[in-house]
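Next comes start.tsv, a file with TSV, C-alpha atoms and all ligand atoms.
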```tsv
chain	number	residue	atom	x	y	z
W	412	MET	CA	6.05	6.70	20.21
W	413	ARG	CA	4.69	3.26	21.02
W	414	VAL	CA	1.60	2.86	18.84
W	415	LEU	CA	-0.99	0.10	19.21
W	416	ILE	CA	-3.22	-0.48	16.18
W	417	THR	CA	-6.19	-2.83	16.50
W	418	GLY	CA	-7.60	-4.64	13.47
W	419	ALA	CA	-4.13	-4.64	11.90
W	420	SER	CA	-5.11	-7.23	9.30
W	421	GLY	CA	-7.94	-5.04	7.98
W	422	LEU	CA	-7.93	-2.52	5.15
W	423	LEU	CA	-7.17	0.46	7.36
W	424	GLY	CA	-5.24	-1.38	10.06
W	425	VAL	CA	-2.54	-2.93	7.88
W	426	ASN	CA	-1.91	0.17	5.76
W	427	LEU	CA	-1.86	2.37	8.85
W	428	ALA	CA	0.52	0.01	10.66
W	429	LEU	CA	2.89	0.04	7.67
W	430	GLU	CA	2.74	3.84	7.51
W	431	ALA	CA	3.19	4.31	11.27
W	432	ALA	CA	6.05	1.80	11.47
W	433	LYS	CA	8.19	4.16	9.38
W	434	ASP	CA	8.48	6.57	12.35
W	435	HIS	CA	7.17	4.76	15.43
W	436	THR	CA	7.32	1.48	17.34
W	437	VAL	CA	4.12	-0.23	16.26
W	438	THR	CA	2.25	-3.21	17.63
W	439	GLY	CA	-0.52	-4.57	15.44
W	440	GLN	CA	-3.33	-6.35	17.24
W	441	ILE	CA	-4.69	-9.10	15.01
W	442	ASN	CA	-7.67	-11.39	15.51
W	443	GLU	CA	-6.47	-14.67	14.03
W	444	LEU	CA	-3.85	-14.25	11.30
W	445	PHE	CA	-0.08	-13.89	11.47
W	446	LEU	CA	1.37	-11.45	8.93
W	447	ASN	CA	4.65	-12.76	7.49
W	448	GLY	CA	7.37	-10.16	7.21
W	449	ALA	CA	5.35	-7.32	8.72
W	450	PRO	CA	7.67	-4.56	9.97
W	451	PHE	CA	5.80	-4.31	13.26
W	452	GLU	CA	5.22	-6.50	16.30
W	453	GLN	CA	2.02	-8.52	16.34
W	454	VAL	CA	-0.22	-9.67	19.14
W	455	SER	CA	-3.16	-11.89	18.39
W	456	GLY	CA	-6.47	-12.50	20.06
W	457	ASP	CA	-10.19	-11.85	20.08
W	458	LEU	CA	-10.87	-8.40	21.53
W	459	LEU	CA	-14.31	-9.52	22.70
W	460	LYS	CA	-12.87	-11.96	25.23
W	461	PRO	CA	-13.20	-10.86	28.87
W	462	LYS	CA	-10.40	-8.50	30.01
W	463	ALA	CA	-8.86	-8.60	26.49
W	464	VAL	CA	-8.46	-4.81	26.31
W	465	ASP	CA	-6.71	-4.37	29.67
W	466	THR	CA	-4.49	-7.38	29.02
W	467	LEU	CA	-3.52	-5.91	25.65
W	468	LEU	CA	-2.75	-2.48	27.09
W	469	ASP	CA	-0.76	-4.00	29.97
W	470	ALA	CA	1.29	-6.09	27.54
W	471	THR	CA	2.00	-3.35	25.00
W	472	GLN	CA	2.11	-0.14	27.12
W	473	PRO	CA	1.23	2.14	24.17
W	474	ASP	CA	1.41	5.93	24.09
W	475	TRP	CA	-1.15	6.00	21.27
W	476	VAL	CA	-3.95	3.55	20.46
W	477	ILE	CA	-5.73	3.58	17.10
W	478	HIS	CA	-8.79	1.40	17.34
W	479	CYS	CA	-9.63	0.16	13.83
W	480	ALA	CA	-11.11	-3.27	14.66
W	481	ALA	CA	-14.82	-3.43	13.88
W	482	LEU	CA	-17.53	-5.30	12.07
W	483	ALA	CA	-17.22	-3.04	9.03
W	484	ASP	CA	-19.35	-5.04	6.58
W	485	ILE	CA	-22.67	-3.20	6.48
W	486	ASP	CA	-24.77	-6.20	5.48
W	487	ALA	CA	-23.01	-8.50	7.98
W	488	CYS	CA	-24.07	-6.05	10.71
W	489	GLU	CA	-27.67	-6.32	9.54
W	490	ASN	CA	-27.40	-10.12	9.71
W	491	ASN	CA	-25.71	-10.16	13.13
W	492	PRO	CA	-26.79	-7.07	15.08
W	493	SER	CA	-25.67	-8.54	18.38
W	494	LEU	CA	-22.07	-8.96	17.18
W	495	ALA	CA	-22.22	-5.46	15.65
W	496	GLU	CA	-23.35	-4.08	19.02
W	497	HIS	CA	-20.52	-5.79	20.90
W	498	LEU	CA	-17.78	-4.87	18.41
W	499	ASN	CA	-18.86	-1.45	17.14
W	500	ALA	CA	-20.72	0.03	20.13
W	501	GLU	CA	-19.45	-1.57	23.36
W	502	LEU	CA	-15.80	-2.35	22.60
W	503	PRO	CA	-14.90	1.29	21.78
W	504	GLY	CA	-16.32	2.30	25.17
W	505	THR	CA	-14.12	-0.29	26.86
W	506	PHE	CA	-11.07	1.10	25.02
W	507	ALA	CA	-12.08	4.64	25.99
W	508	LYS	CA	-12.27	3.77	29.71
W	509	SER	CA	-9.09	1.70	29.73
W	510	CYS	CA	-7.06	4.26	27.76
W	511	LYS	CA	-8.12	7.22	29.91
W	512	GLY	CA	-5.08	8.76	31.61
W	513	ARG	CA	-2.93	6.03	30.12
W	514	ALA	CA	-2.79	6.35	26.32
W	515	LYS	CA	-4.16	8.69	23.67
W	516	LEU	CA	-7.01	6.97	21.80
W	517	VAL	CA	-8.25	7.38	18.24
W	518	TYR	CA	-11.61	5.79	17.52
W	519	ILE	CA	-12.30	5.20	13.84
W	520	SER	CA	-15.91	5.98	12.95
W	521	THR	CA	-17.75	6.43	9.68
W	522	ASP	CA	-19.40	8.97	7.40
W	523	ALA	CA	-22.46	6.67	7.46
W	524	VAL	CA	-23.65	8.10	10.80
W	525	PHE	CA	-25.53	10.66	8.62
W	526	ASP	CA	-28.75	9.88	6.75
W	527	GLY	CA	-27.56	11.60	3.57
W	528	SER	CA	-30.50	13.98	3.20
W	529	LYS	CA	-28.44	17.22	3.53
W	530	ASP	CA	-26.11	18.76	0.96
W	531	GLU	CA	-23.12	18.75	3.30
W	532	TYR	CA	-22.36	17.63	6.85
W	533	PHE	CA	-20.32	19.41	9.53
W	534	GLU	CA	-19.11	17.95	12.83
W	535	ASP	CA	-21.93	19.63	14.80
W	536	ASP	CA	-24.72	18.32	12.54
W	537	ASP	CA	-27.04	15.78	14.12
W	538	PRO	CA	-26.36	12.23	12.96
W	539	ASN	CA	-29.25	10.01	11.91
W	540	PRO	CA	-27.89	6.55	11.13
W	541	ARG	CA	-29.90	4.33	8.79
W	542	SER	CA	-28.37	0.87	9.26
W	543	VAL	CA	-27.34	-1.39	12.12
W	544	TYR	CA	-23.71	-0.70	11.17
W	545	ALA	CA	-24.14	3.07	11.32
W	546	LYS	CA	-26.22	2.97	14.52
W	547	THR	CA	-23.66	0.85	16.33
W	548	LYS	CA	-20.74	3.00	15.09
W	549	LEU	CA	-22.53	6.12	16.35
W	550	ALA	CA	-23.11	4.43	19.71
W	551	GLY	CA	-19.37	3.68	19.76
W	552	GLU	CA	-18.59	7.37	19.09
W	553	ARG	CA	-20.84	8.49	21.94
W	554	SER	CA	-19.40	5.99	24.35
W	555	VAL	CA	-15.85	7.09	23.50
W	556	MET	CA	-16.64	10.79	23.90
W	557	GLU	CA	-18.51	10.29	27.20
W	558	ASN	CA	-15.81	8.13	28.73
W	559	ASN	CA	-12.70	9.79	27.35
W	560	PRO	CA	-13.06	13.41	26.16
W	561	GLU	CA	-9.34	13.50	25.29
W	562	ALA	CA	-9.87	10.86	22.62
W	563	ILE	CA	-10.05	11.61	18.90
W	564	VAL	CA	-13.14	10.40	17.01
W	565	ALA	CA	-12.41	10.32	13.27
W	566	ARG	CA	-15.27	9.89	10.79
W	567	ILE	CA	-13.68	8.43	7.69
W	568	ASN	CA	-14.25	6.90	4.30
W	569	LEU	CA	-11.45	5.09	2.52
W	570	PHE	CA	-10.27	3.01	-0.39
W	571	GLY	CA	-7.02	1.18	-1.06
W	572	TRP	CA	-5.31	-2.18	-1.29
W	573	SER	CA	-5.99	-4.84	1.33
W	574	ILE	CA	-4.36	-8.13	2.26
W	575	PHE	CA	-6.95	-10.35	0.60
W	576	GLY	CA	-7.75	-7.89	-2.20
W	577	ASN	CA	-11.42	-7.76	-1.29
W	578	ARG	CA	-11.90	-5.14	1.42
W	579	SER	CA	-12.41	-1.98	-0.62
W	580	LEU	CA	-14.79	-0.91	-3.36
W	581	ALA	CA	-11.86	0.31	-5.45
W	582	GLU	CA	-10.30	-3.16	-5.45
W	583	TRP	CA	-13.63	-4.69	-6.47
W	584	PHE	CA	-14.03	-2.28	-9.40
W	585	PHE	CA	-10.36	-2.61	-10.35
W	586	TYR	CA	-10.16	-6.40	-10.41
W	587	ASN	CA	-13.52	-6.92	-12.16
W	588	LEU	CA	-12.85	-4.31	-14.82
W	589	GLN	CA	-9.30	-5.56	-15.33
W	590	ALA	CA	-10.73	-9.06	-15.91
W	591	GLY	CA	-13.11	-7.64	-18.53
W	592	LYS	CA	-16.19	-8.05	-16.32
W	593	PRO	CA	-18.80	-5.24	-16.37
W	594	VAL	CA	-19.64	-3.60	-13.02
W	595	LYS	CA	-22.57	-1.60	-11.70
W	596	GLY	CA	-22.10	1.80	-10.08
W	597	PHE	CA	-24.63	3.73	-8.01
W	598	THR	CA	-25.40	7.11	-9.55
W	599	ASP	CA	-27.27	8.29	-6.45
W	600	VAL	CA	-24.77	7.47	-3.67
W	601	PHE	CA	-22.13	10.16	-3.15
W	602	PHE	CA	-19.08	9.81	-0.91
W	603	CYS	CA	-15.79	11.61	-0.19
W	604	THR	CA	-13.51	8.64	-0.16
W	605	GLN	CA	-9.79	8.91	0.51
W	606	LEU	CA	-6.78	6.69	-0.25
W	607	VAL	CA	-6.02	4.71	2.91
W	608	ASN	CA	-2.35	5.71	2.83
W	609	ASP	CA	-3.22	9.43	2.74
W	610	LEU	CA	-5.77	8.86	5.50
W	611	SER	CA	-3.13	7.06	7.59
W	612	ALA	CA	-0.73	9.98	7.29
W	613	VAL	CA	-3.44	12.42	8.43
W	614	LEU	CA	-4.37	10.24	11.42
W	615	MET	CA	-0.73	10.16	12.52
W	616	GLN	CA	-0.55	13.95	12.15
W	617	MET	CA	-3.68	14.32	14.31
W	618	LEU	CA	-1.98	12.32	17.03
W	619	SER	CA	1.27	14.26	16.73
W	620	GLN	CA	-0.65	17.51	17.18
W	621	ASN	CA	-2.49	16.05	20.20
W	622	LEU	CA	-5.96	16.81	18.84
W	623	ALA	CA	-9.06	15.76	20.77
W	624	GLY	CA	-12.74	15.42	19.89
W	625	LEU	CA	-14.71	14.81	16.73
W	626	TYR	CA	-13.27	15.36	13.23
W	627	HIS	CA	-14.36	14.60	9.69
W	628	VAL	CA	-11.37	12.92	8.04
W	629	VAL	CA	-12.51	12.22	4.49
W	630	GLY	CA	-11.29	13.04	0.99
W	631	ALA	CA	-11.41	16.41	-0.74
W	632	ASP	CA	-13.88	15.45	-3.47
W	633	CYS	CA	-17.36	14.01	-3.30
W	634	VAL	CA	-18.32	11.72	-6.21
W	635	SER	CA	-20.97	9.12	-6.96
W	636	LYS	CA	-19.93	5.49	-6.79
W	637	TYR	CA	-20.71	5.34	-10.52
W	638	LYS	CA	-18.25	8.17	-11.24
W	639	PHE	CA	-15.68	6.51	-8.95
W	640	ALA	CA	-15.93	3.29	-11.01
W	641	CYS	CA	-15.63	5.30	-14.25
W	642	GLU	CA	-12.43	6.96	-12.94
W	643	ILE	CA	-10.95	3.51	-12.33
W	644	ALA	CA	-12.07	2.24	-15.75
W	645	CYS	CA	-10.50	5.30	-17.38
W	646	ARG	CA	-7.16	4.72	-15.66
W	647	LEU	CA	-7.28	1.06	-16.78
W	648	GLY	CA	-7.84	2.23	-20.35
W	649	ILE	CA	-11.27	0.57	-20.38
W	650	SER	CA	-14.46	2.07	-21.78
W	651	GLU	CA	-16.87	3.64	-19.30
W	652	ASN	CA	-19.52	1.51	-21.01
W	653	MET	CA	-18.25	-1.32	-18.80
W	654	VAL	CA	-19.77	0.57	-15.85
W	655	THR	CA	-23.56	0.32	-15.77
W	656	PRO	CA	-25.27	3.23	-14.01
W	657	ILE	CA	-27.83	2.04	-11.46
W	658	ARG	CA	-29.81	3.51	-8.56
W	659	VAL	CA	-29.01	2.04	-5.16
W	660	ASP	CA	-32.63	1.44	-4.24
W	661	ASP	CA	-33.06	-0.68	-7.38
W	662	PHE	CA	-30.17	-2.94	-6.35
W	663	GLY	CA	-31.89	-4.69	-3.42
W	664	LEU	CA	-29.21	-4.29	-0.75
W	665	LYS	CA	-30.20	-5.48	2.70
W	666	ALA	CA	-29.03	-2.44	4.69
W	667	ALA	CA	-30.23	1.08	3.87
W	668	ARG	CA	-27.54	3.33	2.36
W	669	SER	CA	-27.32	7.12	2.75
W	670	HIS	CA	-27.43	8.99	-0.55
W	671	ASN	CA	-25.18	11.97	0.09
W	672	LEU	CA	-22.20	11.62	2.41
W	673	ARG	CA	-20.41	14.88	1.65
W	674	LEU	CA	-18.56	15.63	4.88
W	675	ASN	CA	-16.94	19.01	5.40
W	676	THR	CA	-13.28	18.87	6.52
W	677	ASP	CA	-12.60	22.58	7.16
W	678	LYS	CA	-12.16	22.00	10.91
W	679	LEU	CA	-9.40	19.44	10.33
W	680	GLN	CA	-7.64	21.35	7.54
W	681	LYS	CA	-7.55	24.53	9.61
W	682	VAL	CA	-6.17	22.96	12.74
W	683	LEU	CA	-3.54	20.90	10.91
W	684	HIS	CA	-2.75	23.59	8.29
W	685	ILE	CA	-3.06	21.01	5.52
W	686	SER	CA	-4.90	20.51	2.26
W	687	ILE	CA	-6.49	17.08	1.94
W	688	PRO	CA	-5.30	15.41	-1.30
W	689	ARG	CA	-7.69	15.43	-4.29
W	690	LEU	CA	-9.41	12.18	-5.28
W	691	SER	CA	-7.56	12.18	-8.61
W	692	THR	CA	-4.22	12.29	-6.74
W	693	GLY	CA	-5.32	9.40	-4.51
W	694	LEU	CA	-6.48	7.34	-7.49
W	695	ASP	CA	-3.23	8.02	-9.36
W	696	ARG	CA	-1.30	6.83	-6.29
W	697	PHE	CA	-3.55	3.74	-6.04
W	698	PHE	CA	-2.53	2.83	-9.59
W	699	THR	CA	1.15	3.61	-8.93
W	700	GLN	CA	1.01	1.30	-5.93
W	701	TYR	CA	-0.37	-1.43	-8.18
W	702	GLN	CA	2.45	-0.92	-10.67
W	703	GLN	CA	4.93	-1.11	-7.78
W	704	SER	CA	3.42	-4.45	-6.60
W	705	TYR	CA	2.08	-3.06	-3.34
W	706	PRO	CA	-1.02	-5.34	-3.44
W	707	HIS	CA	1.33	-8.29	-4.03
W	708	LEU	CA	3.43	-7.29	-1.02
W	709	LEU	CA	0.32	-7.22	1.16
W	710	ARG	CA	-0.85	-10.55	-0.20
W	711	ARG	CA	2.50	-12.19	0.52
W	712	MET	CA	2.01	-11.42	4.20
W	713	VAL	CA	-0.51	-14.27	4.30
W	714	ASP	CA	1.03	-16.56	1.69
W	715	ASN	CA	3.40	-19.30	2.73
W	716	SER	CA	5.84	-18.38	-0.02
W	717	THR	CA	9.22	-16.89	0.89
W	718	VAL	CA	8.88	-13.21	1.72
W	719	ASP	CA	11.25	-10.33	2.04
W	720	PRO	CA	11.66	-10.14	5.83
W	721	ASN	CA	11.12	-6.41	5.89
W	722	PRO	CA	10.56	-4.51	2.64
W	723	TYR	CA	9.58	-1.36	4.54
W	724	ARG	CA	12.62	-1.10	6.78
W	725	ASN	CA	14.27	2.32	6.93
W	726	GLY	CA	11.15	4.12	5.80
W	727	GLY	CA	10.96	2.50	2.37
W	728	LYS	CA	8.28	3.84	0.08
W	729	ASP	CA	5.12	1.96	-0.76
W	730	GLY	CA	5.93	-1.08	-2.83
W	731	ALA	CA	9.65	-0.31	-2.82
W	801	LIG	N1	-14.16	0.10	4.81
W	801	LIG	C1	-14.84	1.24	4.74
W	801	LIG	O1	-15.32	1.62	3.65
W	801	LIG	C2	-15.06	2.08	5.97
W	801	LIG	C3	-15.75	3.30	5.82
W	801	LIG	C4	-15.93	4.10	6.94
W	801	LIG	C5	-15.43	3.70	8.17
W	801	LIG	N2	-14.78	2.52	8.29
W	801	LIG	C6	-14.29	2.13	9.62
W	801	LIG	O2	-12.89	1.99	9.53
W	801	LIG	C7	-12.43	0.99	10.45
W	801	LIG	C8	-11.59	-0.02	9.71
W	801	LIG	O3	-12.38	-0.61	8.69
W	801	LIG	P1	-11.75	-1.62	7.63
W	801	LIG	O4	-12.40	-1.34	6.34
W	801	LIG	O5	-10.28	-1.62	7.76
W	801	LIG	O6	-12.36	-2.98	8.19
W	801	LIG	P2	-11.87	-4.47	7.92
W	801	LIG	O7	-10.97	-4.53	6.74
W	801	LIG	O8	-13.10	-5.32	7.92
W	801	LIG	O9	-11.01	-4.78	9.22
W	801	LIG	C9	-11.61	-4.96	10.47
W	801	LIG	C10	-10.58	-5.57	11.38
W	801	LIG	O10	-11.19	-5.84	12.66
W	801	LIG	C11	-10.75	-7.12	13.09
W	801	LIG	N3	-11.69	-7.72	14.03
W	801	LIG	C12	-12.98	-8.00	13.83
W	801	LIG	N4	-13.49	-8.61	14.92
W	801	LIG	C13	-12.48	-8.69	15.83
W	801	LIG	C14	-12.37	-9.21	17.15
W	801	LIG	N5	-13.42	-9.77	17.78
W	801	LIG	N6	-11.19	-9.14	17.79
W	801	LIG	C15	-10.12	-8.59	17.17
W	801	LIG	N7	-10.16	-8.06	15.93
W	801	LIG	C16	-11.33	-8.12	15.27
W	801	LIG	C17	-10.69	-7.92	11.79
W	801	LIG	O11	-9.93	-9.07	11.95
W	801	LIG	P3	-10.46	-10.45	11.25
W	801	LIG	O12	-10.77	-10.09	9.83
W	801	LIG	O13	-9.32	-11.38	11.39
W	801	LIG	O14	-11.67	-10.83	12.04
W	801	LIG	C18	-10.03	-6.89	10.88
W	801	LIG	O15	-8.64	-6.91	11.03
W	801	LIG	C19	-13.69	0.42	11.09
W	801	LIG	O16	-13.89	1.02	12.32
W	801	LIG	C20	-14.80	0.80	10.14
W	801	LIG	O17	-16.03	0.93	10.80
W	801	LIG	C21	-14.58	1.70	7.22
```
Is it possible to express this structure as structure tokens?
Amino acid sequence: MRVLITGASGLLGVNLALEAAKDHTVTGQINELFLNGAPFEQVSGDLLKPKAVDTLLDATQPDWVIHCAALADIDACENNPSLAEHLNAELPGTFAKSCKGRAKLVYISTDAVFDGSKDEYFEDDDPNPRSVYAKTKLAGERSVMENNPEAIVARINLFGWSIFGNRSLAEWFFYNLQAGKPVKGFTDVFFCTQLVNDLSAVLMQMLSQNLAGLYHVVGADCVSKYKFACEIACRLGISENMVTPIRVDDFGLKAARSHNLRLNTDKLQKVLHISIPRLSTGLDRFFTQYQQSYPHLLRRMVDNSTVDPNPYRNGGKDGA
């Protein structure tokens, strides 16, 4: 299949593009960067420019489009609600209209559409977003579903290695703890996060099975961010005392956070006949990737140093 992935320099986009390129012809749409040695074609440009989406689809003629580009920084959305509206709410609707009858679309949404007051959330529960980010992502979902009912809307949460080493909470805990710096972890914010590489494989499976509609695509286990940090400390051989428990409301973040984002994934697991990997498996793989220099491989895509032209050719494993 010809697969177009937007936001291919981001945490999800780059890992997904690497995963998809093992079996498909991938084009990564990238805002400004050029990724050295990436095993997929790249097209660059600002998706908010007039006619950018149609021009991109005309040029790449994809069978599948996975729209990952977004303003994903929650506090940046609070500071720039107009940009958040354009990128997170309006642009997905443009993709939905332009892809209709032309390419299968996956819109990447978020667990944060819920307010976190329930014990567990199913796909048919009413969302109640608490931040500009979550409100605009929910508006994006609705626009996609209204304009293109054949599209997939995937509510996700993820962790993993990114190009600049600063896009996921796991990287932040890992690098600070590794450097001997104490970190704070919220004891009252629960999430079902999933390793980006496992998430990428599931998204590709959803496309292969031609699913449509809304799915929760999160990890199998729901933990507090404090516990998540402790799991990383433990794997680094560092005392949990380096992780200070703290309540999110005492931290003074600009955007409101939802306390309990336990999303149920039964619908997805039943239709795909899969079991979502456990958090411990994902964290073990995250550490194996580190040992196999996967973060270094990503980083080299934006360094000027000499790079292996294609370390992933022929379906090579992560970091191989
Ligand atoms: N990270 C999470 O914890 C999380 C949780 C739930 C859901 N999600 C969702 O997952 C998706 C991917 O998130 P992520 O963490 O991978 O985000 P990310 O690392 O911030 O990547 C976002 C990507 O969008 C690109 N982009 C932004 N503005 C653009 C524009 N005007 N034109 C073209 N590209 C543009 C960025 O390129 P530049 O950096 O070059 O601008 C970047 O490649 C998003 O839809 C997000 O809402 C993320």
Any chance you could tabulate, as JSON lines, the residues of chain W at most 7 Å from ligand LIG 801 (chain W) with each one's nearest atom pair and distance in Å to one decimal, using all atoms listed in the file, in chain and rising number order?
```
{"residue": "W:Thr417", "atom": "CA", "partner": "W:LIG801", "partner_atom": "N7", "distance": 6.6}
{"residue": "W:Gly418", "atom": "CA", "partner": "W:LIG801", "partner_atom": "O15", "distance": 3.5}
{"residue": "W:Ala419", "atom": "CA", "partner": "W:LIG801", "partner_atom": "O15", "distance": 5.1}
{"residue": "W:Ser420", "atom": "CA", "partner": "W:LIG801", "partner_atom": "O15", "distance": 3.9}
{"residue": "W:Gly421", "atom": "CA", "partner": "W:LIG801", "partner_atom": "O7", "distance": 3.3}
{"residue": "W:Leu422", "atom": "CA", "partner": "W:LIG801", "partner_atom": "O5", "distance": 3.6}
{"residue": "W:Leu423", "atom": "CA", "partner": "W:LIG801", "partner_atom": "O5", "distance": 3.8}
{"residue": "W:Gly424", "atom": "CA", "partner": "W:LIG801", "partner_atom": "O5", "distance": 5.5}
{"residue": "W:Ile441", "atom": "CA", "partner": "W:LIG801", "partner_atom": "N7", "distance": 5.6}
{"residue": "W:Asn442", "atom": "CA", "partner": "W:LIG801", "partner_atom": "C15", "distance": 4.1}
{"residue": "W:Glu443", "atom": "CA", "partner": "W:LIG801", "partner_atom": "O13", "distance": 5.1}
{"residue": "W:Leu444", "atom": "CA", "partner": "W:LIG801", "partner_atom": "O13", "distance": 6.2}
{"residue": "W:Gly456", "atom": "CA", "partner": "W:LIG801", "partner_atom": "C15", "distance": 6.1}
{"residue": "W:Asp457", "atom": "CA", "partner": "W:LIG801", "partner_atom": "N6", "distance": 3.7}
{"residue": "W:Leu458", "atom": "CA", "partner": "W:LIG801", "partner_atom": "N6", "distance": 3.8}
{"residue": "W:Leu459", "atom": "CA", "partner": "W:LIG801", "partner_atom": "N5", "distance": 5.0}
{"residue": "W:Cys479", "atom": "CA", "partner": "W:LIG801", "partner_atom": "C7", "distance": 4.5}
{"residue": "W:Ala480", "atom": "CA", "partner": "W:LIG801", "partner_atom": "O10", "distance": 3.3}
{"residue": "W:Ala481", "atom": "CA", "partner": "W:LIG801", "partner_atom": "O10", "distance": 4.5}
{"residue": "W:Leu482", "atom": "CA", "partner": "W:LIG801", "partner_atom": "C12", "distance": 5.6}
{"residue": "W:Ala483", "atom": "CA", "partner": "W:LIG801", "partner_atom": "O17", "distance": 4.5}
{"residue": "W:Asp484", "atom": "CA", "partner": "W:LIG801", "partner_atom": "O8", "distance": 6.4}
{"residue": "W:Leu498", "atom": "CA", "partner": "W:LIG801", "partner_atom": "N5", "distance": 6.6}
{"residue": "W:Ile519", "atom": "CA", "partner": "W:LIG801", "partner_atom": "O16", "distance": 4.7}
{"residue": "W:Ser520", "atom": "CA", "partner": "W:LIG801", "partner_atom": "C5", "distance": 5.3}
{"residue": "W:Thr521", "atom": "CA", "partner": "W:LIG801", "partner_atom": "C5", "distance": 3.9}
{"residue": "W:Asp522", "atom": "CA", "partner": "W:LIG801", "partner_atom": "C4", "distance": 6.0}
{"residue": "W:Lys548", "atom": "CA", "partner": "W:LIG801", "partner_atom": "O17", "distance": 6.7}
{"residue": "W:Arg566", "atom": "CA", "partner": "W:LIG801", "partner_atom": "C5", "distance": 6.7}
{"residue": "W:Ile567", "atom": "CA", "partner": "W:LIG801", "partner_atom": "C4", "distance": 4.9}
{"residue": "W:Asn568", "atom": "CA", "partner": "W:LIG801", "partner_atom": "C3", "distance": 4.2}
{"residue": "W:Leu569", "atom": "CA", "partner": "W:LIG801", "partner_atom": "O1", "distance": 5.3}
{"residue": "W:Phe570", "atom": "CA", "partner": "W:LIG801", "partner_atom": "O1", "distance": 6.6}
{"residue": "W:Arg578", "atom": "CA", "partner": "W:LIG801", "partner_atom": "O7", "distance": 5.4}
{"residue": "W:Ser579", "atom": "CA", "partner": "W:LIG801", "partner_atom": "N1", "distance": 6.1}
```
Which residue gives the smallest distance to Ala623 of chain W among W:Leu606, W:Met556, W:Ala545, W:Ile657, with all atoms listed in the file counted?
-> W:Met556
Within 7 Å of Val564 of chain W, counting only C-alpha atoms, which residues qualify if same-chain residues fewer than 4 places away don't, as a compact mmCIF listing (two decimals) with C-alpha atoms, in the coordinates of the input?
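Listing of selection-v9.txt after writing:
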```txt
# COMPACT_ATOMS: atom_id res chain seq x y z
CA VAL W 517 -8.25 7.38 18.24
CA TYR W 518 -11.61 5.79 17.52
CA ILE W 519 -12.30 5.20 13.84
CA SER W 520 -15.91 5.98 12.95
CA GLU W 552 -18.59 7.37 19.09
CA GLY W 624 -12.74 15.42 19.89
CA LEU W 625 -14.71 14.81 16.73
CA TYR W 626 -13.27 15.36 13.23
```
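Note that atom CA of Phe585 of chain W and atom CA of Leu647 of chain W are 8.0 Å apart.
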May I have the residues within 6 Å of segment 499-507 of chain W as an MDAnalysis selection string, using all atoms listed in the file and disregarding those fewer than 2 positions away in the same chain?
-> chainID W and resid 481 495:497 509:510 547:548 550:551 554:555 558:559
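Shortest separation to Glu534 of chain W among W:Asp632, W:Asp677, W:Glu642, W:Asp474 occurs at residue W:Asp677, atoms counted being only C-alpha atoms.
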Do you know which residues are at most 6 Å from segment 432-438 of chain W counting all atoms listed in the file, after dropping those on the same chain fewer than 2 positions away, and could you put them as an mmCIF file with C-alpha atoms, keeping the file's coordinate frame?
```cif
data_model
loop_
_atom_site.group_PDB
_atom_site.id
_atom_site.type_symbol
_atom_site.label_atom_id
_atom_site.label_comp_id
_atom_site.auth_asym_id
_atom_site.auth_seq_id
_atom_site.Cartn_x
_atom_site.Cartn_y
_atom_site.Cartn_z
ATOM 1 C CA MET W 412 6.050 6.700 20.210
ATOM 2 C CA ARG W 413 4.690 3.260 21.020
ATOM 3 C CA VAL W 414 1.600 2.860 18.840
ATOM 4 C CA LEU W 415 -0.990 0.100 19.210
ATOM 5 C CA ALA W 428 0.520 0.010 10.660
ATOM 6 C CA LEU W 429 2.890 0.040 7.670
ATOM 7 C CA GLU W 430 2.740 3.840 7.510
ATOM 8 C CA PHE W 451 5.800 -4.310 13.260
ATOM 9 C CA GLU W 452 5.220 -6.500 16.300
ATOM 10 C CA GLN W 453 2.020 -8.520 16.340
ATOM 11 C CA GLY W 726 11.150 4.120 5.800
#
```
Around (1.6, 13.1, 6.2) in the file's own coordinates, what residues are found within 12 Å if you use all atoms listed in the file, given back as a list in words?
-> Leu427, Glu430, Ala431, Lys433, Asp434, Val607, Asn608, Asp609, Leu610, Ser611, Ala612, Val613, Leu614, Met615, Gln616, Met617, Leu618, Ser619, Leu683, His684, Ile685, Ser686, Ile687 and Pro688 of chain W
